[in-house]
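> The following block contains the structure, expressed as structure tokens.
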Amino acid sequence: MMNAEFRNGTVTRSRSRKRKSTSSQTLSNEAQPNSTGNSTPLEQGLGQISKAPARKRKPNCQRKTAEQKVIEQSSNSTTPKCRRRTRECSSTLPVVNGHFMAIPASAGVVSTPSGPVSHIQVQLPLANLKSSGKPTFLTTVPSLGSIPQCNSSGGIQLLPAFTAVPQQIIRLPVSGTTQNIIIVSSPPQVSPPHSPLIPISPPDVTQSLGIQGIPQSPDRNVPMSPSTPSITDMPNTPGSSAGVPNESPDEVCQRQLSDTVTEREKSTEKPKSVEEYTKIVKEYLKDICEYMTMECDALLEAHYTDVTLIQGQLETKTGRTSTKGLEKEIVIYDEAEKEKVTIERWQMLDFSGGKPKETKLVALVGRAGMGKSILVQKICQDWSQGEFSQFEFVFWFECRRLNGIRKSFSLKDLLFEVFAKPQEKTEEVFRYVLRNPEKVLLIFDGFDELPDLDGFMNSSACCSFRDSGSIKELFAGLFQKRLLNGCAILITARTKEAFNPYLAKVDKIVEIIGFSSHQINTYISKYFAGTNFTTDALELIENNQFVLSYCYSPLICRFVCFVCELVLKTGDRDLPKTLTGLYLIVFQQLINRDNSIALQSNCSFIVKLLYLAWNSIQKHQIVVFQNDLDSKETKEFALGHKFLFPFPLNRSPEMDEFGNAFGSTVLQNFLGALHLIMTPDVRAQSLIKQVTFEKKRKRCQEDWLDMVRRFLSGLLFLNNNDQCLNFLSSNSMDSLLIRKAKSLSNYLKELHPSELSPSKLLELCHCVYETQDVDLIGDIASKIGDELSMAGTRLTPPDAFVLRHILAKARKNLAIDLRNTGIDLLGLEQLVSLPNVTLFRAPTGDTIKLWQSLQHRGGKALLRRCMEKFTINPLKLRSMKDVDDLTALIQIQEEGQLYPCTKESSFKELQLPAIRDLHKIEFALGPVSGSQGFLKLAELLTSFPCLQHLDLEALSENKIGDKGVEKLTDVFPNLTVLETLNLSQNSITDKSAEKLAKALPSLISLKTLSLYSNCISDAGAEYLAETLPEMKSLSELDVKYNRITDVGAKKLTESLKKCPGMKSIALWNTTIPHAVLEHLKKEDPRIDLL
């Protein structure tokens, strides 16, 4: 008999003892099928038991191989009969001995939940239990590892590496067997807490039950887990004082079952300290969420309006020259697609169907001013009022606050010191959090405001709740799912900012795209609730289409309402025509409502504030630290006039330290632009370097400067009588401002819009619009190319308005491509209704919706113009949605649904120009949807009378197969002008080749046929050879990379002699000897071997 002792991860052999328990004999007998002096297979396989001194542990790969050998050898061995059989033990009982647990494989299943667990549960099927009518017990074994489910199949199975368990023998009355499951554990690191006992249930109940095992024998010199009870505490064991005298085994089982239920109820009861802390947090969040962020007088409940949220997806942008590889960006949805992916606020944190017990990362992304922080504030308020009940804890962190924390801290410090004011008795709460991470929501608002986070996903991380580290290391541990694994994390960040490279790592992307038209009206109505201005304000804003377009941004919409209120109070009926004019009014009101005395007295503070704003823009941050402020007076001025807002840096009662931040990035950009034009330190040439459109900066830097460019252009072209600029500048500055304006004008005129990328061209249009200079606008418009493509560039409502304003000044006809821009229906209508836009491309589904909208409104003339301008040539089908949209377009033509609004019924006999003029179709659905999609497409092909090019490969393996070829050949007689047919990589067999060969002569205009990379062999080649002489128009044939041998190649070569019009045939195949190909090429030089 051999006993195992574990000391520091090694096992040594101890001497045999005279008295052995039955279970020890069982383990010994199973481990020693023979009595020879050689080591048993168990000793060899586990590689852990040896004579002293102990050997070094073998590598994992070696141990695994050895363990497998043990299993194979043990499965063939037989277990000797036990010398002593008692009612309490048998050779089939599962035994936990040190770090090994042997369980009969046929007795049951070892299963645990996925992810980290606190116990291993052994479930025994009823068929294997002794039908004694007595209560039967299972066991729970403490473990910190994650054990995969092990199904019983009658053989020996191995479950590796779970944390060490207290040594015990589990009493399980099961039917006899000699096959075991051996679980091999790693050396213990931390003693796991005592697992709660789980009661057993009848077969129709799903609960399990457990019974505490017997502790290890006192004579074993092995450290016991602190959670293992002493032998005197165990009922029904020798030396136990807990049992009742003369108690029968049945009574013992019943009493233990009752104790188990009581213990389970205690273990599942939430500690009172947790309930108290949750109540404190809810009250705290309810208090700080009462008013809107950065607004002390606006109740969140009264002003909050839902924004449009969509479920985001990533796509790979090709054609990039970046050395970092292919870049992934968020998919830009069409207007029709947005409706399908729009989600509600509660769905952001709905993880049903995801992997259990694994950290869920949610990224809420959107442009500056889209309302990300307000949405987070609303989520916290909802939770404090009982919503999002799946979370017992919500910890909300504004990342700007974390900027001011330089010390290292642990997870506990982050949750209970940084989040809110430290509370007493948080140790028990923290332990509860660690045990229930799935009930925790962590929110990090403004992730892009954190510095030095490049590569944090792959950097060193805090992997334990005991570790302390920098904010970067703590974030890495959370996002790499090493720390508090199982919690939910919500991150907010701007698009194109610091978090964009990590979007592929998150579990869910939610994009916030601002207000819809209905939501704009709702917000304006809430803003003016209780006043007499609601109707007038809505009318005033709707009459200014430029201002209305910017209201899609919740932040700017609030400023618009603020300015609108001022205008209505003064009796004026006009709003500013530019964004610069709008923010100039806001700036003047913050200074003290156009008080000239206030402007003069505060001029020095204003100049310092402008420099502070520009300095922060250069650092890509909105936070202003104490050392950035030159004086206490400047800080008080900025805070008093609401340019800056304070926020606490530390919740500790001993420290009352606050940081400061600009209320909005748009206002910060306006102040930065004011600094650039007012300071004499920035000369005219230096100013141009700040607004250059050359691609020299990173995309995130461009985002910070986009609004600065617009404000610069607007401010330099303001009227000279503007009161604000006159007070800020002296007489000596007037000449400098004139030089700067002239320098900017010359720079803009020298640009060539046709050479700029779509995004740069769009930004140029914004800058030129802000100037309101008619000559400059006309000059830029005249340089735009005849064919303008905005494809792949997101177009917001103000983008569409400004683009339309510029294009309207172009004195030439234009063709514009608006695919993959996300433009809304209003913007689409504004652009395509321009008289000089003679041709446009847009998503087919959105275009159909526009036509239906025009029909509903009775715009007959505009509807007809839009239908005549629309084109889809060339058409590339990438998804089933594209095929469905094409079907809807043809259905409109066939049923004449829209024609009565455009012309009399005679127009119904004509075809839509988009269908009539379609010359090329590329089909690229890929192998998953290709076969199904083509069956639909084949039915539509007869509707295109001018189709000349049909590409069914398009660099994709569509695999239309035999069914697809059969459908295609049925429509060949209708494709009278088809010149090019590409059937490469479509799994075409000899059967399909035969049908294809018979139908090909009906394509009377076919010039090029490609059958590259299919499954055509000699039989198919022979079918093609027979039909080639009948195809008088065919000039090029490609049959490379098929299964054609020299037999089929000779057939094609012989047929080639009867085809004088054939220019080349690509014949190279791996199954044709090269010498044969060379010989055939000598016979006919039209054979192409490349």
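If you're wondering about the labels, chains in the structure tokens are A, B, ... by order shown, residues count from 1 in each chain, ligands from 1 in order shown.
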I'd like the contact shell of Leu834 (chain A) - 12 Å cut-off, only C-alpha atoms, skipping same-chain residues fewer than 6 positions apart - returned as a PDB file with all heavy atoms, in the first residue's frame.


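Output (result_36.pdb):
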ATOM      1  N   PHE A 801     -26.778  68.969 -45.656  1.00  0.00           N
ATOM      2  CA  PHE A 801     -27.219  70.343 -45.942  1.00  0.00           C
ATOM      3  C   PHE A 801     -26.089  71.164 -46.549  1.00  0.00           C
ATOM      4  O   PHE A 801     -26.285  71.869 -47.551  1.00  0.00           O
ATOM      5  CB  PHE A 801     -27.707  71.008 -44.652  1.00  0.00           C
ATOM      6  CG  PHE A 801     -28.142  72.440 -44.843  1.00  0.00           C
ATOM      7  CD1 PHE A 801     -29.451  72.731 -45.182  1.00  0.00           C
ATOM      8  CD2 PHE A 801     -27.239  73.489 -44.695  1.00  0.00           C
ATOM      9  CE1 PHE A 801     -29.857  74.048 -45.373  1.00  0.00           C
ATOM     10  CE2 PHE A 801     -27.625  74.803 -44.882  1.00  0.00           C
ATOM     11  CZ  PHE A 801     -28.943  75.080 -45.224  1.00  0.00           C
ATOM     12  N   LEU A 803     -23.315  70.138 -48.059  1.00  0.00           N
ATOM     13  CA  LEU A 803     -22.939  69.614 -49.365  1.00  0.00           C
ATOM     14  C   LEU A 803     -23.925  70.088 -50.434  1.00  0.00           C
ATOM     15  O   LEU A 803     -23.520  70.456 -51.541  1.00  0.00           O
ATOM     16  CB  LEU A 803     -22.888  68.086 -49.311  1.00  0.00           C
ATOM     17  CG  LEU A 803     -22.335  67.373 -50.549  1.00  0.00           C
ATOM     18  CD1 LEU A 803     -20.902  67.797 -50.832  1.00  0.00           C
ATOM     19  CD2 LEU A 803     -22.415  65.856 -50.368  1.00  0.00           C
ATOM     20  N   ARG A 804     -25.192  70.071 -50.127  1.00  0.00           N
ATOM     21  CA  ARG A 804     -26.188  70.551 -51.082  1.00  0.00           C
ATOM     22  C   ARG A 804     -25.987  72.033 -51.378  1.00  0.00           C
ATOM     23  O   ARG A 804     -26.097  72.476 -52.525  1.00  0.00           O
ATOM     24  CB  ARG A 804     -27.598  70.335 -50.522  1.00  0.00           C
ATOM     25  CG  ARG A 804     -28.702  70.814 -51.465  1.00  0.00           C
ATOM     26  CD  ARG A 804     -30.065  70.769 -50.794  1.00  0.00           C
ATOM     27  NE  ARG A 804     -31.119  71.096 -51.735  1.00  0.00           N
ATOM     28  CZ  ARG A 804     -31.460  72.344 -52.070  1.00  0.00           C
ATOM     29  NH1 ARG A 804     -30.816  73.367 -51.539  1.00  0.00           N
ATOM     30  NH2 ARG A 804     -32.434  72.556 -52.942  1.00  0.00           N
ATOM     31  N   HIS A 805     -25.697  72.830 -50.346  1.00  0.00           N
ATOM     32  CA  HIS A 805     -25.490  74.269 -50.532  1.00  0.00           C
ATOM     33  C   HIS A 805     -24.318  74.546 -51.470  1.00  0.00           C
ATOM     34  O   HIS A 805     -24.401  75.455 -52.320  1.00  0.00           O
ATOM     35  CB  HIS A 805     -25.254  74.927 -49.173  1.00  0.00           C
ATOM     36  CG  HIS A 805     -25.119  76.414 -49.236  1.00  0.00           C
ATOM     37  ND1 HIS A 805     -26.205  77.261 -49.222  1.00  0.00           N
ATOM     38  CD2 HIS A 805     -24.013  77.213 -49.330  1.00  0.00           C
ATOM     39  CE1 HIS A 805     -25.793  78.518 -49.299  1.00  0.00           C
ATOM     40  NE2 HIS A 805     -24.464  78.512 -49.346  1.00  0.00           N
ATOM     41  N   ILE A 806     -23.251  73.779 -51.350  1.00  0.00           N
ATOM     42  CA  ILE A 806     -22.073  73.997 -52.200  1.00  0.00           C
ATOM     43  C   ILE A 806     -22.344  73.507 -53.618  1.00  0.00           C
ATOM     44  O   ILE A 806     -22.045  74.204 -54.604  1.00  0.00           O
ATOM     45  CB  ILE A 806     -20.845  73.291 -51.602  1.00  0.00           C
ATOM     46  CG1 ILE A 806     -20.564  73.806 -50.184  1.00  0.00           C
ATOM     47  CG2 ILE A 806     -19.624  73.487 -52.499  1.00  0.00           C
ATOM     48  CD1 ILE A 806     -20.267  75.269 -50.073  1.00  0.00           C
ATOM     49  N   LEU A 807     -22.910  72.308 -53.756  1.00  0.00           N
ATOM     50  CA  LEU A 807     -23.149  71.749 -55.089  1.00  0.00           C
ATOM     51  C   LEU A 807     -24.139  72.589 -55.881  1.00  0.00           C
ATOM     52  O   LEU A 807     -24.084  72.620 -57.126  1.00  0.00           O
ATOM     53  CB  LEU A 807     -23.656  70.313 -54.969  1.00  0.00           C
ATOM     54  CG  LEU A 807     -22.694  69.283 -54.370  1.00  0.00           C
ATOM     55  CD1 LEU A 807     -23.328  67.900 -54.361  1.00  0.00           C
ATOM     56  CD2 LEU A 807     -21.377  69.256 -55.133  1.00  0.00           C
ATOM     57  N   ALA A 808     -25.041  73.263 -55.193  1.00  0.00           N
ATOM     58  CA  ALA A 808     -26.019  74.096 -55.905  1.00  0.00           C
ATOM     59  C   ALA A 808     -25.346  75.256 -56.627  1.00  0.00           C
ATOM     60  O   ALA A 808     -25.916  75.803 -57.582  1.00  0.00           O
ATOM     61  CB  ALA A 808     -27.069  74.614 -54.917  1.00  0.00           C
ATOM     62  N   LYS A 809     -24.140  75.642 -56.183  1.00  0.00           N
ATOM     63  CA  LYS A 809     -23.423  76.750 -56.811  1.00  0.00           C
ATOM     64  C   LYS A 809     -22.542  76.286 -57.972  1.00  0.00           C
ATOM     65  O   LYS A 809     -21.946  77.121 -58.654  1.00  0.00           O
ATOM     66  CB  LYS A 809     -22.547  77.456 -55.774  1.00  0.00           C
ATOM     67  CG  LYS A 809     -23.305  77.933 -54.538  1.00  0.00           C
ATOM     68  CD  LYS A 809     -24.406  78.920 -54.875  1.00  0.00           C
ATOM     69  CE  LYS A 809     -25.131  79.401 -53.628  1.00  0.00           C
ATOM     70  NZ  LYS A 809     -26.229  80.345 -53.933  1.00  0.00           N
ATOM     71  N   ALA A 810     -22.450  74.978 -58.177  1.00  0.00           N
ATOM     72  CA  ALA A 810     -21.630  74.461 -59.286  1.00  0.00           C
ATOM     73  C   ALA A 810     -22.405  74.622 -60.596  1.00  0.00           C
ATOM     74  O   ALA A 810     -23.548  74.171 -60.706  1.00  0.00           O
ATOM     75  CB  ALA A 810     -21.280  72.996 -59.051  1.00  0.00           C
ATOM     76  N   ARG A 811     -21.787  75.218 -61.566  1.00  0.00           N
ATOM     77  CA  ARG A 811     -22.465  75.505 -62.830  1.00  0.00           C
ATOM     78  C   ARG A 811     -22.172  74.408 -63.852  1.00  0.00           C
ATOM     79  O   ARG A 811     -21.645  74.665 -64.944  1.00  0.00           O
ATOM     80  CB  ARG A 811     -22.019  76.864 -63.358  1.00  0.00           C
ATOM     81  CG  ARG A 811     -22.333  78.010 -62.413  1.00  0.00           C
ATOM     82  CD  ARG A 811     -21.752  79.318 -62.921  1.00  0.00           C
ATOM     83  NE  ARG A 811     -22.030  80.417 -61.990  1.00  0.00           N
ATOM     84  CZ  ARG A 811     -21.576  81.661 -62.146  1.00  0.00           C
ATOM     85  NH1 ARG A 811     -20.838  81.962 -63.208  1.00  0.00           N
ATOM     86  NH2 ARG A 811     -21.861  82.584 -61.257  1.00  0.00           N
ATOM     87  N   LYS A 812     -22.491  73.181 -63.481  1.00  0.00           N
ATOM     88  CA  LYS A 812     -22.289  72.047 -64.383  1.00  0.00           C
ATOM     89  C   LYS A 812     -23.092  70.873 -63.873  1.00  0.00           C
ATOM     90  O   LYS A 812     -23.546  70.843 -62.720  1.00  0.00           O
ATOM     91  CB  LYS A 812     -20.803  71.680 -64.469  1.00  0.00           C
ATOM     92  CG  LYS A 812     -20.154  71.388 -63.120  1.00  0.00           C
ATOM     93  CD  LYS A 812     -18.675  71.110 -63.280  1.00  0.00           C
ATOM     94  CE  LYS A 812     -17.997  70.920 -61.926  1.00  0.00           C
ATOM     95  NZ  LYS A 812     -16.554  70.687 -62.056  1.00  0.00           N
ATOM     96  N   ASN A 813     -23.272  69.894 -64.740  1.00  0.00           N
ATOM     97  CA  ASN A 813     -23.995  68.687 -64.362  1.00  0.00           C
ATOM     98  C   ASN A 813     -23.105  67.773 -63.531  1.00  0.00           C
ATOM     99  O   ASN A 813     -21.910  67.634 -63.798  1.00  0.00           O
ATOM    100  CB  ASN A 813     -24.498  67.953 -65.602  1.00  0.00           C
ATOM    101  CG  ASN A 813     -25.556  68.739 -66.339  1.00  0.00           C
ATOM    102  OD1 ASN A 813     -26.262  69.565 -65.749  1.00  0.00           O
ATOM    103  ND2 ASN A 813     -25.687  68.493 -67.642  1.00  0.00           N
ATOM    104  N   LEU A 814     -23.725  67.132 -62.562  1.00  0.00           N
ATOM    105  CA  LEU A 814     -22.976  66.297 -61.616  1.00  0.00           C
ATOM    106  C   LEU A 814     -23.622  64.926 -61.498  1.00  0.00           C
ATOM    107  O   LEU A 814     -24.840  64.781 -61.596  1.00  0.00           O
ATOM    108  CB  LEU A 814     -22.933  66.951 -60.234  1.00  0.00           C
ATOM    109  CG  LEU A 814     -22.258  68.318 -60.112  1.00  0.00           C
ATOM    110  CD1 LEU A 814     -22.520  68.910 -58.738  1.00  0.00           C
ATOM    111  CD2 LEU A 814     -20.760  68.197 -60.345  1.00  0.00           C
ATOM    112  N   ALA A 815     -22.767  63.926 -61.264  1.00  0.00           N
ATOM    113  CA  ALA A 815     -23.206  62.578 -60.892  1.00  0.00           C
ATOM    114  C   ALA A 815     -22.644  62.309 -59.502  1.00  0.00           C
ATOM    115  O   ALA A 815     -21.435  62.455 -59.274  1.00  0.00           O
ATOM    116  CB  ALA A 815     -22.706  61.542 -61.888  1.00  0.00           C
ATOM    117  N   ILE A 816     -23.493  61.894 -58.572  1.00  0.00           N
ATOM    118  CA  ILE A 816     -23.071  61.752 -57.178  1.00  0.00           C
ATOM    119  C   ILE A 816     -23.395  60.352 -56.677  1.00  0.00           C
ATOM    120  O   ILE A 816     -24.465  59.801 -56.963  1.00  0.00           O
ATOM    121  CB  ILE A 816     -23.747  62.832 -56.299  1.00  0.00           C
ATOM    122  CG1 ILE A 816     -23.238  62.747 -54.866  1.00  0.00           C
ATOM    123  CG2 ILE A 816     -25.259  62.744 -56.362  1.00  0.00           C
ATOM    124  CD1 ILE A 816     -23.670  63.919 -54.001  1.00  0.00           C
ATOM    125  N   GLY A 827     -31.956  64.261 -46.238  1.00  0.00           N
ATOM    126  CA  GLY A 827     -30.716  64.650 -46.908  1.00  0.00           C
ATOM    127  C   GLY A 827     -30.632  64.092 -48.313  1.00  0.00           C
ATOM    128  O   GLY A 827     -30.154  64.768 -49.240  1.00  0.00           O
ATOM    129  N   LEU A 828     -31.102  62.843 -48.496  1.00  0.00           N
ATOM    130  CA  LEU A 828     -31.106  62.241 -49.828  1.00  0.00           C
ATOM    131  C   LEU A 828     -31.995  63.043 -50.764  1.00  0.00           C
ATOM    132  O   LEU A 828     -31.628  63.319 -51.922  1.00  0.00           O
ATOM    133  CB  LEU A 828     -31.586  60.792 -49.733  1.00  0.00           C
ATOM    134  CG  LEU A 828     -31.675  60.003 -51.036  1.00  0.00           C
ATOM    135  CD1 LEU A 828     -30.312  59.898 -51.709  1.00  0.00           C
ATOM    136  CD2 LEU A 828     -32.253  58.614 -50.780  1.00  0.00           C
ATOM    137  N   PHE A 840     -27.604  59.879 -59.935  1.00  0.00           N
ATOM    138  CA  PHE A 840     -27.178  59.596 -58.568  1.00  0.00           C
ATOM    139  C   PHE A 840     -27.299  58.110 -58.277  1.00  0.00           C
ATOM    140  O   PHE A 840     -28.122  57.398 -58.868  1.00  0.00           O
ATOM    141  CB  PHE A 840     -28.013  60.395 -57.555  1.00  0.00           C
ATOM    142  CG  PHE A 840     -29.382  59.850 -57.288  1.00  0.00           C
ATOM    143  CD1 PHE A 840     -29.614  58.954 -56.238  1.00  0.00           C
ATOM    144  CD2 PHE A 840     -30.462  60.218 -58.076  1.00  0.00           C
ATOM    145  CE1 PHE A 840     -30.877  58.448 -55.989  1.00  0.00           C
ATOM    146  CE2 PHE A 840     -31.735  59.724 -57.828  1.00  0.00           C
ATOM    147  CZ  PHE A 840     -31.940  58.835 -56.786  1.00  0.00           C
ATOM    148  N   LEU A 862     -41.221  65.895 -58.880  1.00  0.00           N
ATOM    149  CA  LEU A 862     -39.972  65.505 -58.232  1.00  0.00           C
ATOM    150  C   LEU A 862     -39.815  63.991 -58.243  1.00  0.00           C
ATOM    151  O   LEU A 862     -38.699  63.476 -58.412  1.00  0.00           O
ATOM    152  CB  LEU A 862     -39.942  66.040 -56.794  1.00  0.00           C
ATOM    153  CG  LEU A 862     -38.680  65.734 -55.984  1.00  0.00           C
ATOM    154  CD1 LEU A 862     -37.439  66.247 -56.697  1.00  0.00           C
ATOM    155  CD2 LEU A 862     -38.788  66.331 -54.576  1.00  0.00           C
ATOM    156  N   ARG A 865     -38.494  62.934 -61.639  1.00  0.00           N
ATOM    157  CA  ARG A 865     -37.083  63.299 -61.817  1.00  0.00           C
ATOM    158  C   ARG A 865     -36.181  62.356 -61.025  1.00  0.00           C
ATOM    159  O   ARG A 865     -35.124  61.946 -61.500  1.00  0.00           O
ATOM    160  CB  ARG A 865     -36.856  64.743 -61.367  1.00  0.00           C
ATOM    161  CG  ARG A 865     -37.464  65.784 -62.291  1.00  0.00           C
ATOM    162  CD  ARG A 865     -36.804  67.145 -62.075  1.00  0.00           C
ATOM    163  NE  ARG A 865     -36.904  67.593 -60.686  1.00  0.00           N
ATOM    164  CZ  ARG A 865     -37.915  68.311 -60.212  1.00  0.00           C
ATOM    165  NH1 ARG A 865     -38.939  68.637 -61.000  1.00  0.00           N
ATOM    166  NH2 ARG A 865     -37.929  68.706 -58.953  1.00  0.00           N
ATOM    167  N   CYS A 866     -36.590  62.033 -59.820  1.00  0.00           N
ATOM    168  CA  CYS A 866     -35.782  61.124 -58.992  1.00  0.00           C
ATOM    169  C   CYS A 866     -35.699  59.737 -59.620  1.00  0.00           C
ATOM    170  O   CYS A 866     -34.654  59.088 -59.564  1.00  0.00           O
ATOM    171  CB  CYS A 866     -36.373  61.035 -57.589  1.00  0.00           C
ATOM    172  SG  CYS A 866     -36.157  62.525 -56.601  1.00  0.00           S
ATOM    173  N   LYS A 869     -33.262  59.878 -62.606  1.00  0.00           N
ATOM    174  CA  LYS A 869     -31.859  60.116 -62.270  1.00  0.00           C
ATOM    175  C   LYS A 869     -31.193  58.891 -61.632  1.00  0.00           C
ATOM    176  O   LYS A 869     -29.971  58.759 -61.662  1.00  0.00           O
ATOM    177  CB  LYS A 869     -31.737  61.289 -61.293  1.00  0.00           C
ATOM    178  CG  LYS A 869     -32.125  62.644 -61.861  1.00  0.00           C
ATOM    179  CD  LYS A 869     -32.016  63.711 -60.778  1.00  0.00           C
ATOM    180  CE  LYS A 869     -32.412  65.076 -61.281  1.00  0.00           C
ATOM    181  NZ  LYS A 869     -32.283  66.115 -60.221  1.00  0.00           N
TER     182      LYS A 869
END

> Hey, which of A:Cys765, A:Ala298, A:Leu590, A:Ile489 ends up closest to Arg558 (chain A)? Count only C-alpha atoms.

A:Ala298

> Can you check which residues of region 511-548 of chain A DSSP gives as alpha helix (DSSP H) on the backbone and send them as a VMD selection string?

chain A and resid 517 to 527 534 to 542 545 to 548

> Considering only C-alpha atoms, return as an mmCIF file with N, CA and C atoms, in the first residue's frame whatever protein or nucleic-acid residues lie within 8 Å of Ser516 (chain A), sequence-local ones (same chain, fewer than 6 positions apart) excluded.


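Contents of around04.cif, as written:
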data_model
loop_
_atom_site.group_PDB
_atom_site.id
_atom_site.type_symbol
_atom_site.label_atom_id
_atom_site.label_comp_id
_atom_site.auth_asym_id
_atom_site.auth_seq_id
_atom_site.Cartn_x
_atom_site.Cartn_y
_atom_site.Cartn_z
ATOM 1 N N VAL A 307 -32.358 58.898 -27.312
ATOM 2 C CA VAL A 307 -31.638 59.059 -28.567
ATOM 3 C C VAL A 307 -31.712 57.746 -29.342
ATOM 4 N N THR A 308 -31.348 57.799 -30.602
ATOM 5 C CA THR A 308 -31.390 56.603 -31.437
ATOM 6 C C THR A 308 -30.141 55.769 -31.201
ATOM 7 N N TYR A 552 -29.735 67.359 -34.676
ATOM 8 C CA TYR A 552 -29.595 65.914 -34.491
ATOM 9 C C TYR A 552 -28.632 65.621 -33.357
#

> Just want the 8 Å neighbourhood of region 946-954 of chain A, counted on only C-alpha atoms, with same-chain residues fewer than 6 positions away dropped. Output as a CSV table (one decimal) with N, CA, C and O atoms, in the first residue's frame.


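Done, and the output landed in out-v7.csv:
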chain,number,residue,atom,x,y,z
A,916,ARG,N,-33.4,49.5,-67.1
A,916,ARG,CA,-33.1,49.4,-68.5
A,916,ARG,C,-31.7,49.6,-68.9
A,916,ARG,O,-31.2,48.9,-69.8
A,917,ASP,N,-30.9,50.4,-68.1
A,917,ASP,CA,-29.5,50.7,-68.5
A,917,ASP,C,-28.5,49.9,-67.7
A,917,ASP,O,-27.3,50.3,-67.7
A,918,LEU,N,-29.0,48.9,-67.0
A,918,LEU,CA,-28.0,48.0,-66.2
A,918,LEU,C,-27.2,47.1,-67.2
A,918,LEU,O,-27.8,46.3,-67.9
A,919,HIS,N,-25.9,47.3,-67.2
A,919,HIS,CA,-25.0,46.6,-68.1
A,919,HIS,C,-24.2,45.5,-67.4
A,919,HIS,O,-23.8,44.5,-68.1
A,920,LYS,N,-23.9,45.7,-66.1
A,920,LYS,CA,-23.0,44.7,-65.5
A,920,LYS,C,-23.6,44.4,-64.1
A,920,LYS,O,-24.0,45.2,-63.3
A,921,ILE,N,-23.5,43.1,-63.8
A,921,ILE,CA,-23.9,42.6,-62.5
A,921,ILE,C,-22.8,41.7,-61.9
A,921,ILE,O,-22.3,40.8,-62.6
A,922,GLU,N,-22.3,42.0,-60.7
A,922,GLU,CA,-21.4,41.2,-60.0
A,922,GLU,C,-22.1,40.6,-58.8
A,922,GLU,O,-22.7,41.2,-58.0
A,923,PHE,N,-21.9,39.3,-58.7
A,923,PHE,CA,-22.6,38.5,-57.7
A,923,PHE,C,-21.6,38.0,-56.7
A,923,PHE,O,-20.7,37.2,-57.1
A,924,ALA,N,-21.6,38.5,-55.4
A,924,ALA,CA,-20.5,38.2,-54.5
A,924,ALA,C,-21.1,37.9,-53.1
A,924,ALA,O,-20.7,38.5,-52.1
A,975,LEU,N,-30.9,36.4,-72.8
A,975,LEU,CA,-29.7,37.3,-72.6
A,975,LEU,C,-29.0,37.4,-73.9
A,975,LEU,O,-27.9,37.0,-74.2
A,977,VAL,N,-27.7,40.0,-75.4
A,977,VAL,CA,-26.6,41.0,-75.6
A,977,VAL,C,-25.5,40.7,-74.6
A,977,VAL,O,-24.5,41.4,-74.5
A,978,LEU,N,-25.6,39.5,-73.9
A,978,LEU,CA,-24.5,39.2,-72.9
A,978,LEU,C,-23.2,38.9,-73.6
A,978,LEU,O,-23.2,38.0,-74.5
A,979,GLU,N,-22.1,39.5,-73.2
A,979,GLU,CA,-20.8,39.4,-73.8
A,979,GLU,C,-19.8,38.7,-72.9
A,979,GLU,O,-18.9,38.0,-73.4
A,980,THR,N,-20.0,38.8,-71.6
A,980,THR,CA,-19.0,38.2,-70.7
A,980,THR,C,-19.8,37.4,-69.6
A,980,THR,O,-20.7,37.9,-69.0
A,981,LEU,N,-19.4,36.2,-69.4
A,981,LEU,CA,-20.0,35.3,-68.4
A,981,LEU,C,-18.9,34.6,-67.6
A,981,LEU,O,-18.0,33.9,-68.2
A,982,ASN,N,-18.8,35.0,-66.3
A,982,ASN,CA,-17.8,34.4,-65.4
A,982,ASN,C,-18.4,33.5,-64.5
A,982,ASN,O,-19.2,33.9,-63.6
A,983,LEU,N,-18.1,32.2,-64.6
A,983,LEU,CA,-18.7,31.1,-63.7
A,983,LEU,C,-17.6,30.5,-62.9
A,983,LEU,O,-17.7,29.3,-62.5
A,984,SER,N,-16.5,31.2,-62.6
A,984,SER,CA,-15.4,30.6,-61.9
A,984,SER,C,-15.8,30.3,-60.4
A,984,SER,O,-16.6,31.0,-59.9
A,985,GLN,N,-15.2,29.3,-59.9
A,985,GLN,CA,-15.3,28.9,-58.4
A,985,GLN,C,-16.8,28.8,-58.0
A,985,GLN,O,-17.2,29.4,-57.1
A,986,ASN,N,-17.5,28.0,-58.8
A,986,ASN,CA,-18.9,27.8,-58.5
A,986,ASN,C,-19.3,26.3,-58.4
A,986,ASN,O,-20.5,26.0,-58.5

> Can you work out the spacing between CA of Pro554 (chain A) and CA of Val365 (chain A) in Å, to one decimal?

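Rounded to one decimal, the two atoms are 14.6 Å apart.
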